[in-house]
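Enquirer: Sharing structure_2.txt here; it has compact mmCIF, N, CA and C atoms.
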# COMPACT_ATOMS: atom_id res chain seq x y z
N MET A 708 32.17 -33.90 -44.51
CA MET A 708 33.17 -34.62 -43.75
C MET A 708 33.48 -33.91 -42.43
N LYS A 709 33.37 -32.57 -42.44
CA LYS A 709 33.64 -31.83 -41.22
C LYS A 709 32.63 -32.17 -40.12
N SER A 710 31.36 -32.35 -40.50
CA SER A 710 30.36 -32.69 -39.48
C SER A 710 30.63 -34.07 -38.89
N MET A 711 31.07 -35.01 -39.73
CA MET A 711 31.41 -36.35 -39.24
C MET A 711 32.57 -36.26 -38.25
N HIS A 712 33.55 -35.42 -38.55
CA HIS A 712 34.70 -35.23 -37.67
C HIS A 712 34.24 -34.62 -36.33
N SER A 713 33.34 -33.65 -36.39
CA SER A 713 32.85 -33.01 -35.16
C SER A 713 32.05 -33.99 -34.30
N ILE A 714 31.20 -34.77 -34.92
CA ILE A 714 30.42 -35.78 -34.18
C ILE A 714 31.36 -36.79 -33.54
N ALA A 715 32.33 -37.28 -34.31
CA ALA A 715 33.29 -38.24 -33.78
C ALA A 715 34.09 -37.63 -32.63
N HIS A 716 34.49 -36.38 -32.80
CA HIS A 716 35.26 -35.70 -31.76
C HIS A 716 34.46 -35.66 -30.45
N TRP A 717 33.21 -35.25 -30.50
CA TRP A 717 32.41 -35.14 -29.29
C TRP A 717 32.10 -36.50 -28.67
N LEU A 718 31.90 -37.52 -29.49
CA LEU A 718 31.68 -38.86 -28.95
C LEU A 718 32.92 -39.37 -28.22
N VAL A 719 34.10 -39.07 -28.76
CA VAL A 719 35.34 -39.49 -28.10
C VAL A 719 35.54 -38.70 -26.81
N VAL A 720 35.21 -37.42 -26.80
CA VAL A 720 35.32 -36.62 -25.57
C VAL A 720 34.37 -37.17 -24.51
N ILE A 721 33.13 -37.45 -24.89
CA ILE A 721 32.16 -38.00 -23.94
C ILE A 721 32.63 -39.36 -23.43
N GLY A 722 33.16 -40.20 -24.33
CA GLY A 722 33.68 -41.50 -23.92
C GLY A 722 34.85 -41.38 -22.97
N GLY A 723 35.74 -40.45 -23.26
CA GLY A 723 36.91 -40.26 -22.39
C GLY A 723 36.51 -39.77 -20.99
N LEU A 724 35.59 -38.83 -20.96
CA LEU A 724 35.11 -38.34 -19.66
C LEU A 724 34.41 -39.46 -18.89
N ASN A 725 33.63 -40.26 -19.60
CA ASN A 725 32.94 -41.37 -18.94
C ASN A 725 33.94 -42.37 -18.35
N TRP A 726 34.98 -42.70 -19.10
CA TRP A 726 35.99 -43.63 -18.58
C TRP A 726 36.70 -43.04 -17.37
N GLY A 727 36.95 -41.74 -17.39
CA GLY A 727 37.56 -41.10 -16.22
C GLY A 727 36.65 -41.18 -15.01
N LEU A 728 35.37 -40.95 -15.22
CA LEU A 728 34.41 -41.06 -14.11
C LEU A 728 34.28 -42.48 -13.61
N ILE A 729 34.35 -43.46 -14.50
CA ILE A 729 34.31 -44.87 -14.08
C ILE A 729 35.49 -45.16 -13.16
N ALA A 730 36.67 -44.67 -13.53
CA ALA A 730 37.86 -44.90 -12.70
C ALA A 730 37.73 -44.21 -11.34
N ILE A 731 37.27 -42.98 -11.33
CA ILE A 731 37.08 -42.26 -10.06
C ILE A 731 36.06 -43.01 -9.20
N GLY A 732 34.97 -43.44 -9.82
CA GLY A 732 33.95 -44.19 -9.09
C GLY A 732 34.48 -45.48 -8.50
N TYR A 733 35.39 -46.14 -9.22
CA TYR A 733 36.00 -47.37 -8.72
C TYR A 733 36.76 -47.09 -7.42
N PHE A 734 37.51 -46.00 -7.41
CA PHE A 734 38.34 -45.70 -6.24
C PHE A 734 37.53 -45.20 -5.05
N ILE A 735 36.38 -44.58 -5.30
CA ILE A 735 35.57 -44.10 -4.17
C ILE A 735 34.41 -45.04 -3.86
N GLY A 736 34.31 -46.14 -4.61
CA GLY A 736 33.28 -47.14 -4.34
C GLY A 736 31.89 -46.73 -4.78
N SER A 737 31.81 -46.07 -5.92
CA SER A 737 30.52 -45.61 -6.41
C SER A 737 30.41 -45.87 -7.92
N ASN A 738 29.20 -45.92 -8.43
CA ASN A 738 28.99 -46.09 -9.87
C ASN A 738 28.85 -44.72 -10.51
N LEU A 739 29.88 -44.25 -11.18
CA LEU A 739 29.85 -42.96 -11.85
C LEU A 739 29.83 -43.12 -13.37
N ASN A 740 29.46 -44.29 -13.85
CA ASN A 740 29.35 -44.55 -15.28
C ASN A 740 28.10 -43.83 -15.78
N VAL A 741 28.29 -42.66 -16.39
CA VAL A 741 27.16 -41.82 -16.79
C VAL A 741 26.29 -42.52 -17.82
N VAL A 742 26.90 -43.20 -18.78
CA VAL A 742 26.12 -43.91 -19.80
C VAL A 742 25.25 -44.97 -19.13
N ASN A 743 25.82 -45.72 -18.21
CA ASN A 743 25.06 -46.74 -17.49
C ASN A 743 23.96 -46.12 -16.64
N LEU A 744 24.26 -45.00 -16.00
CA LEU A 744 23.25 -44.35 -15.16
C LEU A 744 22.09 -43.81 -16.00
N LEU A 745 22.38 -43.31 -17.20
CA LEU A 745 21.33 -42.77 -18.06
C LEU A 745 20.56 -43.86 -18.80
N LEU A 746 21.27 -44.93 -19.21
CA LEU A 746 20.66 -45.96 -20.05
C LEU A 746 20.70 -47.33 -19.40
N GLY A 747 20.83 -47.40 -18.09
CA GLY A 747 21.02 -48.66 -17.38
C GLY A 747 19.93 -49.69 -17.61
N SER A 748 18.72 -49.24 -17.86
CA SER A 748 17.65 -50.21 -18.05
C SER A 748 17.73 -50.88 -19.42
N SER A 749 18.48 -50.30 -20.34
CA SER A 749 18.62 -50.86 -21.68
C SER A 749 20.08 -51.16 -21.97
N ARG A 750 20.49 -52.38 -21.67
CA ARG A 750 21.88 -52.78 -21.88
C ARG A 750 22.26 -52.70 -23.35
N THR A 751 21.32 -53.02 -24.25
CA THR A 751 21.60 -52.97 -25.69
C THR A 751 21.87 -51.54 -26.13
N LEU A 752 21.08 -50.59 -25.65
CA LEU A 752 21.29 -49.19 -26.01
C LEU A 752 22.61 -48.67 -25.44
N GLU A 753 22.94 -49.11 -24.23
CA GLU A 753 24.22 -48.73 -23.62
C GLU A 753 25.39 -49.25 -24.46
N MET A 754 25.30 -50.50 -24.90
CA MET A 754 26.36 -51.07 -25.74
C MET A 754 26.44 -50.37 -27.10
N LEU A 755 25.29 -49.91 -27.61
CA LEU A 755 25.29 -49.16 -28.86
C LEU A 755 26.05 -47.84 -28.70
N VAL A 756 25.87 -47.17 -27.57
CA VAL A 756 26.63 -45.94 -27.31
C VAL A 756 28.12 -46.24 -27.28
N TYR A 757 28.51 -47.31 -26.59
CA TYR A 757 29.92 -47.68 -26.53
C TYR A 757 30.46 -48.03 -27.91
N LEU A 758 29.66 -48.70 -28.72
CA LEU A 758 30.07 -49.04 -30.09
C LEU A 758 30.28 -47.77 -30.90
N LEU A 759 29.38 -46.80 -30.79
CA LEU A 759 29.53 -45.54 -31.51
C LEU A 759 30.78 -44.78 -31.07
N VAL A 760 31.08 -44.81 -29.79
CA VAL A 760 32.31 -44.17 -29.29
C VAL A 760 33.53 -44.87 -29.89
N GLY A 761 33.51 -46.20 -29.94
CA GLY A 761 34.63 -46.95 -30.52
C GLY A 761 34.81 -46.68 -32.00
N ILE A 762 33.70 -46.65 -32.75
CA ILE A 762 33.77 -46.34 -34.18
C ILE A 762 34.28 -44.91 -34.38
N SER A 763 33.84 -43.99 -33.55
CA SER A 763 34.31 -42.61 -33.64
C SER A 763 35.81 -42.51 -33.39
N THR A 764 36.30 -43.29 -32.45
CA THR A 764 37.73 -43.30 -32.16
C THR A 764 38.52 -43.79 -33.36
N VAL A 765 38.08 -44.88 -33.97
CA VAL A 765 38.75 -45.40 -35.16
C VAL A 765 38.70 -44.37 -36.29
N HIS A 766 37.57 -43.71 -36.45
CA HIS A 766 37.43 -42.68 -37.48
C HIS A 766 38.42 -41.54 -37.23
N LEU A 767 38.51 -41.07 -35.99
CA LEU A 767 39.44 -39.98 -35.69
C LEU A 767 40.89 -40.39 -35.90
N ILE A 768 41.22 -41.61 -35.51
CA ILE A 768 42.60 -42.08 -35.71
C ILE A 768 42.93 -42.13 -37.19
N SER A 769 42.00 -42.60 -38.01
CA SER A 769 42.30 -42.77 -39.43
C SER A 769 42.24 -41.46 -40.21
N THR A 770 41.54 -40.44 -39.71
CA THR A 770 41.43 -39.18 -40.46
C THR A 770 42.10 -38.01 -39.77
N HIS A 771 42.79 -38.25 -38.68
CA HIS A 771 43.33 -37.16 -37.87
C HIS A 771 44.28 -36.26 -38.66
N ARG A 772 45.20 -36.83 -39.38
CA ARG A 772 46.19 -36.02 -40.09
C ARG A 772 45.56 -35.07 -41.11
N THR A 773 44.52 -35.51 -41.78
CA THR A 773 43.91 -34.66 -42.80
C THR A 773 42.97 -33.62 -42.20
N ASN A 774 42.44 -33.85 -41.02
CA ASN A 774 41.47 -32.92 -40.42
C ASN A 774 42.08 -32.00 -39.37
N CYS A 775 43.24 -32.33 -38.82
CA CYS A 775 43.84 -31.53 -37.77
C CYS A 775 44.66 -30.38 -38.38
N LYS A 776 44.38 -29.17 -37.93
CA LYS A 776 45.09 -28.00 -38.45
C LYS A 776 46.56 -28.01 -38.05
N SER A 777 46.89 -28.58 -36.91
CA SER A 777 48.28 -28.63 -36.46
C SER A 777 49.07 -29.74 -37.13
N CYS A 778 48.41 -30.86 -37.43
CA CYS A 778 49.10 -32.03 -37.98
C CYS A 778 48.99 -32.13 -39.49
N GLY A 779 48.01 -31.47 -40.08
CA GLY A 779 47.75 -31.59 -41.52
C GLY A 779 48.88 -31.01 -42.36
N VAL A 780 48.83 -31.37 -43.61
CA VAL A 780 49.86 -30.91 -44.55
C VAL A 780 49.50 -29.53 -45.05
Would you mind writing the file out in structure tokens?

Expert:
Amino acid sequence: MKSMHSIAHWLVVIGGLNWGLIAIGYFIGSNLNVVNLLLGSSRTLEMLVYLLVGISTVHLISTHRTNCKSCGV
């Protein structure tokens, strides 16, 4: 279960950084969507990455209390 938590954690971090870059790119008029830049030729693969980030987020939300050293019992 710890490895699942670590994978989910890193996917959420990557997703969060990507969303931040998308916002910065919007304001400076550039495409900074790293997932799109890396996988732009394959829209299906790009959407799969986004789906995995979303599933990881739901997993972290539902298991956070039991896995977090600060929040756990």

Enquirer: Measure the distance from CA of Ile729 in chain A to CA of Thr751 in chain A in Å and round it to one decimal.

Expert: 19.0 Å

Enquirer: Looking at only C-alpha atoms, which of A:Leu752, A:Ala715, A:Ile735, A:Ala730 is the one that sits closest to Thr764 in chain A?

Expert: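 Nearest candidate to Thr764 in chain A out of A:Leu752, A:Ala715, A:Ile735, A:Ala730: A:Ala715.
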
Enquirer: If you take every atom of range 723-738 of chain A that the file lists and fit an axis-aligned box around them with 4 Å extra on each side, what centre and edge lengths come out in Å to one decimal, as JSON?

Expert:
{"center_x": 33.6, "center_y": -42.9, "center_z": -13.6, "size_x": 17.5, "size_y": 17.0, "size_z": 27.4}

Enquirer: Using DSSP on the backbone, list every residue of chain A that comes out as alpha helix (DSSP H), and give them as a PDB file with N, CA and C atoms, in the frame of the given file.

Expert:
ATOM      1  N   LYS A 709      33.370 -32.570 -42.440  1.00  0.00           N
ATOM      2  CA  LYS A 709      33.640 -31.830 -41.220  1.00  0.00           C
ATOM      3  C   LYS A 709      32.630 -32.170 -40.120  1.00  0.00           C
ATOM      4  N   SER A 710      31.360 -32.350 -40.500  1.00  0.00           N
ATOM      5  CA  SER A 710      30.360 -32.690 -39.480  1.00  0.00           C
ATOM      6  C   SER A 710      30.630 -34.070 -38.890  1.00  0.00           C
ATOM      7  N   MET A 711      31.070 -35.010 -39.730  1.00  0.00           N
ATOM      8  CA  MET A 711      31.410 -36.350 -39.240  1.00  0.00           C
ATOM      9  C   MET A 711      32.570 -36.260 -38.250  1.00  0.00           C
ATOM     10  N   HIS A 712      33.550 -35.420 -38.550  1.00  0.00           N
ATOM     11  CA  HIS A 712      34.700 -35.230 -37.670  1.00  0.00           C
ATOM     12  C   HIS A 712      34.240 -34.620 -36.330  1.00  0.00           C
ATOM     13  N   SER A 713      33.340 -33.650 -36.390  1.00  0.00           N
ATOM     14  CA  SER A 713      32.850 -33.010 -35.160  1.00  0.00           C
ATOM     15  C   SER A 713      32.050 -33.990 -34.300  1.00  0.00           C
ATOM     16  N   ILE A 714      31.200 -34.770 -34.920  1.00  0.00           N
ATOM     17  CA  ILE A 714      30.420 -35.780 -34.180  1.00  0.00           C
ATOM     18  C   ILE A 714      31.360 -36.790 -33.540  1.00  0.00           C
ATOM     19  N   ALA A 715      32.330 -37.280 -34.310  1.00  0.00           N
ATOM     20  CA  ALA A 715      33.290 -38.240 -33.780  1.00  0.00           C
ATOM     21  C   ALA A 715      34.090 -37.630 -32.630  1.00  0.00           C
ATOM     22  N   HIS A 716      34.490 -36.380 -32.800  1.00  0.00           N
ATOM     23  CA  HIS A 716      35.260 -35.700 -31.760  1.00  0.00           C
ATOM     24  C   HIS A 716      34.460 -35.660 -30.450  1.00  0.00           C
ATOM     25  N   TRP A 717      33.210 -35.250 -30.500  1.00  0.00           N
ATOM     26  CA  TRP A 717      32.410 -35.140 -29.290  1.00  0.00           C
ATOM     27  C   TRP A 717      32.100 -36.500 -28.670  1.00  0.00           C
ATOM     28  N   LEU A 718      31.900 -37.520 -29.490  1.00  0.00           N
ATOM     29  CA  LEU A 718      31.680 -38.860 -28.950  1.00  0.00           C
ATOM     30  C   LEU A 718      32.920 -39.370 -28.220  1.00  0.00           C
ATOM     31  N   VAL A 719      34.100 -39.070 -28.760  1.00  0.00           N
ATOM     32  CA  VAL A 719      35.340 -39.490 -28.100  1.00  0.00           C
ATOM     33  C   VAL A 719      35.540 -38.700 -26.810  1.00  0.00           C
ATOM     34  N   VAL A 720      35.210 -37.420 -26.800  1.00  0.00           N
ATOM     35  CA  VAL A 720      35.320 -36.620 -25.570  1.00  0.00           C
ATOM     36  C   VAL A 720      34.370 -37.170 -24.510  1.00  0.00           C
ATOM     37  N   ILE A 721      33.130 -37.450 -24.890  1.00  0.00           N
ATOM     38  CA  ILE A 721      32.160 -38.000 -23.940  1.00  0.00           C
ATOM     39  C   ILE A 721      32.630 -39.360 -23.430  1.00  0.00           C
ATOM     40  N   GLY A 722      33.160 -40.200 -24.330  1.00  0.00           N
ATOM     41  CA  GLY A 722      33.680 -41.500 -23.920  1.00  0.00           C
ATOM     42  C   GLY A 722      34.850 -41.380 -22.970  1.00  0.00           C
ATOM     43  N   GLY A 723      35.740 -40.450 -23.260  1.00  0.00           N
ATOM     44  CA  GLY A 723      36.910 -40.260 -22.390  1.00  0.00           C
ATOM     45  C   GLY A 723      36.510 -39.770 -20.990  1.00  0.00           C
ATOM     46  N   LEU A 724      35.590 -38.830 -20.960  1.00  0.00           N
ATOM     47  CA  LEU A 724      35.110 -38.340 -19.660  1.00  0.00           C
ATOM     48  C   LEU A 724      34.410 -39.460 -18.890  1.00  0.00           C
ATOM     49  N   ASN A 725      33.630 -40.260 -19.600  1.00  0.00           N
ATOM     50  CA  ASN A 725      32.940 -41.370 -18.940  1.00  0.00           C
ATOM     51  C   ASN A 725      33.940 -42.370 -18.350  1.00  0.00           C
ATOM     52  N   TRP A 726      34.980 -42.700 -19.100  1.00  0.00           N
ATOM     53  CA  TRP A 726      35.990 -43.630 -18.580  1.00  0.00           C
ATOM     54  C   TRP A 726      36.700 -43.040 -17.370  1.00  0.00           C
ATOM     55  N   GLY A 727      36.950 -41.740 -17.390  1.00  0.00           N
ATOM     56  CA  GLY A 727      37.560 -41.100 -16.220  1.00  0.00           C
ATOM     57  C   GLY A 727      36.650 -41.180 -15.010  1.00  0.00           C
ATOM     58  N   LEU A 728      35.370 -40.950 -15.220  1.00  0.00           N
ATOM     59  CA  LEU A 728      34.410 -41.060 -14.110  1.00  0.00           C
ATOM     60  C   LEU A 728      34.280 -42.480 -13.610  1.00  0.00           C
ATOM     61  N   ILE A 729      34.350 -43.460 -14.500  1.00  0.00           N
ATOM     62  CA  ILE A 729      34.310 -44.870 -14.080  1.00  0.00           C
ATOM     63  C   ILE A 729      35.490 -45.160 -13.160  1.00  0.00           C
ATOM     64  N   ALA A 730      36.670 -44.670 -13.530  1.00  0.00           N
ATOM     65  CA  ALA A 730      37.860 -44.900 -12.700  1.00  0.00           C
ATOM     66  C   ALA A 730      37.730 -44.210 -11.340  1.00  0.00           C
ATOM     67  N   ILE A 731      37.270 -42.980 -11.330  1.00  0.00           N
ATOM     68  CA  ILE A 731      37.080 -42.260 -10.060  1.00  0.00           C
ATOM     69  C   ILE A 731      36.060 -43.010  -9.200  1.00  0.00           C
ATOM     70  N   GLY A 732      34.970 -43.440  -9.820  1.00  0.00           N
ATOM     71  CA  GLY A 732      33.950 -44.190  -9.090  1.00  0.00           C
ATOM     72  C   GLY A 732      34.480 -45.480  -8.500  1.00  0.00           C
ATOM     73  N   TYR A 733      35.390 -46.140  -9.220  1.00  0.00           N
ATOM     74  CA  TYR A 733      36.000 -47.370  -8.720  1.00  0.00           C
ATOM     75  C   TYR A 733      36.760 -47.090  -7.420  1.00  0.00           C
ATOM     76  N   PHE A 734      37.510 -46.000  -7.410  1.00  0.00           N
ATOM     77  CA  PHE A 734      38.340 -45.700  -6.240  1.00  0.00           C
ATOM     78  C   PHE A 734      37.530 -45.200  -5.050  1.00  0.00           C
ATOM     79  N   ILE A 735      36.380 -44.580  -5.300  1.00  0.00           N
ATOM     80  CA  ILE A 735      35.570 -44.100  -4.170  1.00  0.00           C
ATOM     81  C   ILE A 735      34.410 -45.040  -3.860  1.00  0.00           C
ATOM     82  N   VAL A 741      28.290 -42.660 -16.390  1.00  0.00           N
ATOM     83  CA  VAL A 741      27.160 -41.820 -16.790  1.00  0.00           C
ATOM     84  C   VAL A 741      26.290 -42.520 -17.820  1.00  0.00           C
ATOM     85  N   VAL A 742      26.900 -43.200 -18.780  1.00  0.00           N
ATOM     86  CA  VAL A 742      26.120 -43.910 -19.800  1.00  0.00           C
ATOM     87  C   VAL A 742      25.250 -44.970 -19.130  1.00  0.00           C
ATOM     88  N   ASN A 743      25.820 -45.720 -18.210  1.00  0.00           N
ATOM     89  CA  ASN A 743      25.060 -46.740 -17.490  1.00  0.00           C
ATOM     90  C   ASN A 743      23.960 -46.120 -16.640  1.00  0.00           C
ATOM     91  N   LEU A 744      24.260 -45.000 -16.000  1.00  0.00           N
ATOM     92  CA  LEU A 744      23.250 -44.350 -15.160  1.00  0.00           C
ATOM     93  C   LEU A 744      22.090 -43.810 -16.000  1.00  0.00           C
ATOM     94  N   LEU A 745      22.380 -43.310 -17.200  1.00  0.00           N
ATOM     95  CA  LEU A 745      21.330 -42.770 -18.060  1.00  0.00           C
ATOM     96  C   LEU A 745      20.560 -43.860 -18.800  1.00  0.00           C
ATOM     97  N   LEU A 746      21.270 -44.930 -19.210  1.00  0.00           N
ATOM     98  CA  LEU A 746      20.660 -45.960 -20.050  1.00  0.00           C
ATOM     99  C   LEU A 746      20.700 -47.330 -19.400  1.00  0.00           C
ATOM    100  N   ARG A 750      20.490 -52.380 -21.670  1.00  0.00           N
ATOM    101  CA  ARG A 750      21.880 -52.780 -21.880  1.00  0.00           C
ATOM    102  C   ARG A 750      22.260 -52.700 -23.350  1.00  0.00           C
ATOM    103  N   THR A 751      21.320 -53.020 -24.250  1.00  0.00           N
ATOM    104  CA  THR A 751      21.600 -52.970 -25.690  1.00  0.00           C
ATOM    105  C   THR A 751      21.870 -51.540 -26.130  1.00  0.00           C
ATOM    106  N   LEU A 752      21.080 -50.590 -25.650  1.00  0.00           N
ATOM    107  CA  LEU A 752      21.290 -49.190 -26.010  1.00  0.00           C
ATOM    108  C   LEU A 752      22.610 -48.670 -25.440  1.00  0.00           C
ATOM    109  N   GLU A 753      22.940 -49.110 -24.230  1.00  0.00           N
ATOM    110  CA  GLU A 753      24.220 -48.730 -23.620  1.00  0.00           C
ATOM    111  C   GLU A 753      25.390 -49.250 -24.460  1.00  0.00           C
ATOM    112  N   MET A 754      25.300 -50.500 -24.900  1.00  0.00           N
ATOM    113  CA  MET A 754      26.360 -51.070 -25.740  1.00  0.00           C
ATOM    114  C   MET A 754      26.440 -50.370 -27.100  1.00  0.00           C
ATOM    115  N   LEU A 755      25.290 -49.910 -27.610  1.00  0.00           N
ATOM    116  CA  LEU A 755      25.290 -49.160 -28.860  1.00  0.00           C
ATOM    117  C   LEU A 755      26.050 -47.840 -28.700  1.00  0.00           C
ATOM    118  N   VAL A 756      25.870 -47.170 -27.570  1.00  0.00           N
ATOM    119  CA  VAL A 756      26.630 -45.940 -27.310  1.00  0.00           C
ATOM    120  C   VAL A 756      28.120 -46.240 -27.280  1.00  0.00           C
ATOM    121  N   TYR A 757      28.510 -47.310 -26.590  1.00  0.00           N
ATOM    122  CA  TYR A 757      29.920 -47.680 -26.530  1.00  0.00           C
ATOM    123  C   TYR A 757      30.460 -48.030 -27.910  1.00  0.00           C
ATOM    124  N   LEU A 758      29.660 -48.700 -28.720  1.00  0.00           N
ATOM    125  CA  LEU A 758      30.070 -49.040 -30.090  1.00  0.00           C
ATOM    126  C   LEU A 758      30.280 -47.770 -30.900  1.00  0.00           C
ATOM    127  N   LEU A 759      29.380 -46.800 -30.790  1.00  0.00           N
ATOM    128  CA  LEU A 759      29.530 -45.540 -31.510  1.00  0.00           C
ATOM    129  C   LEU A 759      30.780 -44.780 -31.070  1.00  0.00           C
ATOM    130  N   VAL A 760      31.080 -44.810 -29.790  1.00  0.00           N
ATOM    131  CA  VAL A 760      32.310 -44.170 -29.290  1.00  0.00           C
ATOM    132  C   VAL A 760      33.530 -44.870 -29.890  1.00  0.00           C
ATOM    133  N   GLY A 761      33.510 -46.200 -29.940  1.00  0.00           N
ATOM    134  CA  GLY A 761      34.630 -46.950 -30.520  1.00  0.00           C
ATOM    135  C   GLY A 761      34.810 -46.680 -32.000  1.00  0.00           C
ATOM    136  N   ILE A 762      33.700 -46.650 -32.750  1.00  0.00           N
ATOM    137  CA  ILE A 762      33.770 -46.340 -34.180  1.00  0.00           C
ATOM    138  C   ILE A 762      34.280 -44.910 -34.380  1.00  0.00           C
ATOM    139  N   SER A 763      33.840 -43.990 -33.550  1.00  0.00           N
ATOM    140  CA  SER A 763      34.310 -42.610 -33.640  1.00  0.00           C
ATOM    141  C   SER A 763      35.810 -42.510 -33.390  1.00  0.00           C
ATOM    142  N   THR A 764      36.300 -43.290 -32.450  1.00  0.00           N
ATOM    143  CA  THR A 764      37.730 -43.300 -32.160  1.00  0.00           C
ATOM    144  C   THR A 764      38.520 -43.790 -33.360  1.00  0.00           C
ATOM    145  N   VAL A 765      38.080 -44.880 -33.970  1.00  0.00           N
ATOM    146  CA  VAL A 765      38.750 -45.400 -35.160  1.00  0.00           C
ATOM    147  C   VAL A 765      38.700 -44.370 -36.290  1.00  0.00           C
ATOM    148  N   HIS A 766      37.570 -43.710 -36.450  1.00  0.00           N
ATOM    149  CA  HIS A 766      37.430 -42.680 -37.480  1.00  0.00           C
ATOM    150  C   HIS A 766      38.420 -41.540 -37.230  1.00  0.00           C
ATOM    151  N   LEU A 767      38.510 -41.070 -35.990  1.00  0.00           N
ATOM    152  CA  LEU A 767      39.440 -39.980 -35.690  1.00  0.00           C
ATOM    153  C   LEU A 767      40.890 -40.390 -35.900  1.00  0.00           C
ATOM    154  N   ILE A 768      41.220 -41.610 -35.510  1.00  0.00           N
ATOM    155  CA  ILE A 768      42.600 -42.080 -35.710  1.00  0.00           C
ATOM    156  C   ILE A 768      42.930 -42.130 -37.190  1.00  0.00           C
ATOM    157  N   SER A 769      42.000 -42.600 -38.010  1.00  0.00           N
ATOM    158  CA  SER A 769      42.300 -42.770 -39.430  1.00  0.00           C
ATOM    159  C   SER A 769      42.240 -41.460 -40.210  1.00  0.00           C
ATOM    160  N   THR A 770      41.540 -40.440 -39.710  1.00  0.00           N
ATOM    161  CA  THR A 770      41.430 -39.180 -40.460  1.00  0.00           C
ATOM    162  C   THR A 770      42.100 -38.010 -39.770  1.00  0.00           C
ATOM    163  N   HIS A 771      42.790 -38.250 -38.680  1.00  0.00           N
ATOM    164  CA  HIS A 771      43.330 -37.160 -37.870  1.00  0.00           C
ATOM    165  C   HIS A 771      44.280 -36.260 -38.660  1.00  0.00           C
ATOM    166  N   ARG A 772      45.200 -36.830 -39.380  1.00  0.00           N
ATOM    167  CA  ARG A 772      46.190 -36.020 -40.090  1.00  0.00           C
ATOM    168  C   ARG A 772      45.560 -35.070 -41.110  1.00  0.00           C
ATOM    169  N   THR A 773      44.520 -35.510 -41.780  1.00  0.00           N
ATOM    170  CA  THR A 773      43.910 -34.660 -42.800  1.00  0.00           C
ATOM    171  C   THR A 773      42.970 -33.620 -42.200  1.00  0.00           C
ATOM    172  N   ASN A 774      42.440 -33.850 -41.020  1.00  0.00           N
ATOM    173  CA  ASN A 774      41.470 -32.920 -40.420  1.00  0.00           C
ATOM    174  C   ASN A 774      42.080 -32.000 -39.370  1.00  0.00           C
TER     175      ASN A 774
END

Enquirer: Neighbouring residues of range 718-723 of chain A were defined as those with any atom within 7 Å, considering only N, CA and C atoms; residues of the same chain fewer than 4 positions away were excluded. Please report them as JSON, numbers by chain.

Expert: {"A": [713, 714, 727, 728, 759, 760, 763, 764]}

Enquirer: For a test of reading the model, state the distance in Å between CA of Met711 in chain A and atom C of Leu739 in chain A, rounded to one decimal.

Expert: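 Atom-to-atom, CA of Met711 in chain A to atom C of Leu739 in chain A, that is 26.8 Å.
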
Enquirer: If you measure from atom N of Asn743 in chain A to atom N of Val756 in chain A, what distance in Å do you get, rounded to one decimal?

Expert: 9.5 Å

Enquirer: Just range 713-752 of chain A from the block, C-alpha atoms, as a short mmCIF file (atom, residue, chain, number, x, y, z; two decimals), in the first residue's frame, could you?

Expert:
data_model
loop_
_atom_site.label_atom_id
_atom_site.label_comp_id
_atom_site.auth_asym_id
_atom_site.auth_seq_id
_atom_site.Cartn_x
_atom_site.Cartn_y
_atom_site.Cartn_z
CA SER A 713 4.06 7.02 -3.27
CA ILE A 714 3.03 6.59 -6.91
CA ALA A 715 -0.19 8.53 -6.30
CA HIS A 716 1.74 11.24 -4.47
CA TRP A 717 4.17 11.77 -7.35
CA LEU A 718 1.42 11.74 -9.97
CA VAL A 719 -0.44 14.43 -8.03
CA VAL A 720 2.76 16.49 -7.70
CA ILE A 721 3.42 16.19 -11.44
CA GLY A 722 -0.21 17.10 -12.17
CA GLY A 723 -0.08 20.11 -9.88
CA LEU A 724 3.13 21.40 -11.41
CA ASN A 725 1.70 20.89 -14.89
CA TRP A 726 -1.43 22.88 -14.02
CA GLY A 727 0.76 25.66 -12.64
CA LEU A 728 2.77 25.74 -15.84
CA ILE A 729 -0.43 25.79 -17.92
CA ALA A 730 -1.57 28.87 -15.99
CA ILE A 731 1.79 30.62 -16.37
CA GLY A 732 1.78 29.78 -20.08
CA TYR A 733 -1.70 31.26 -20.42
CA PHE A 734 -0.55 34.58 -18.98
CA ILE A 735 2.62 34.79 -21.08
CA GLY A 736 0.96 33.48 -24.25
CA SER A 737 2.84 30.21 -24.51
CA ASN A 738 2.06 26.49 -24.31
CA LEU A 739 3.77 25.21 -21.16
CA ASN A 740 1.61 22.10 -20.80
CA VAL A 741 4.44 19.59 -20.28
CA VAL A 742 2.21 16.53 -20.77
CA ASN A 743 0.93 17.96 -24.05
CA LEU A 744 4.44 18.90 -25.16
CA LEU A 745 5.75 15.39 -24.42
CA LEU A 746 2.73 13.42 -25.67
CA GLY A 747 1.07 15.92 -28.03
CA SER A 748 0.99 13.56 -30.97
CA SER A 749 -1.06 11.05 -28.97
CA ARG A 750 -4.16 12.68 -27.52
CA THR A 751 -5.33 9.32 -26.10
CA LEU A 752 -2.06 8.81 -24.21
#
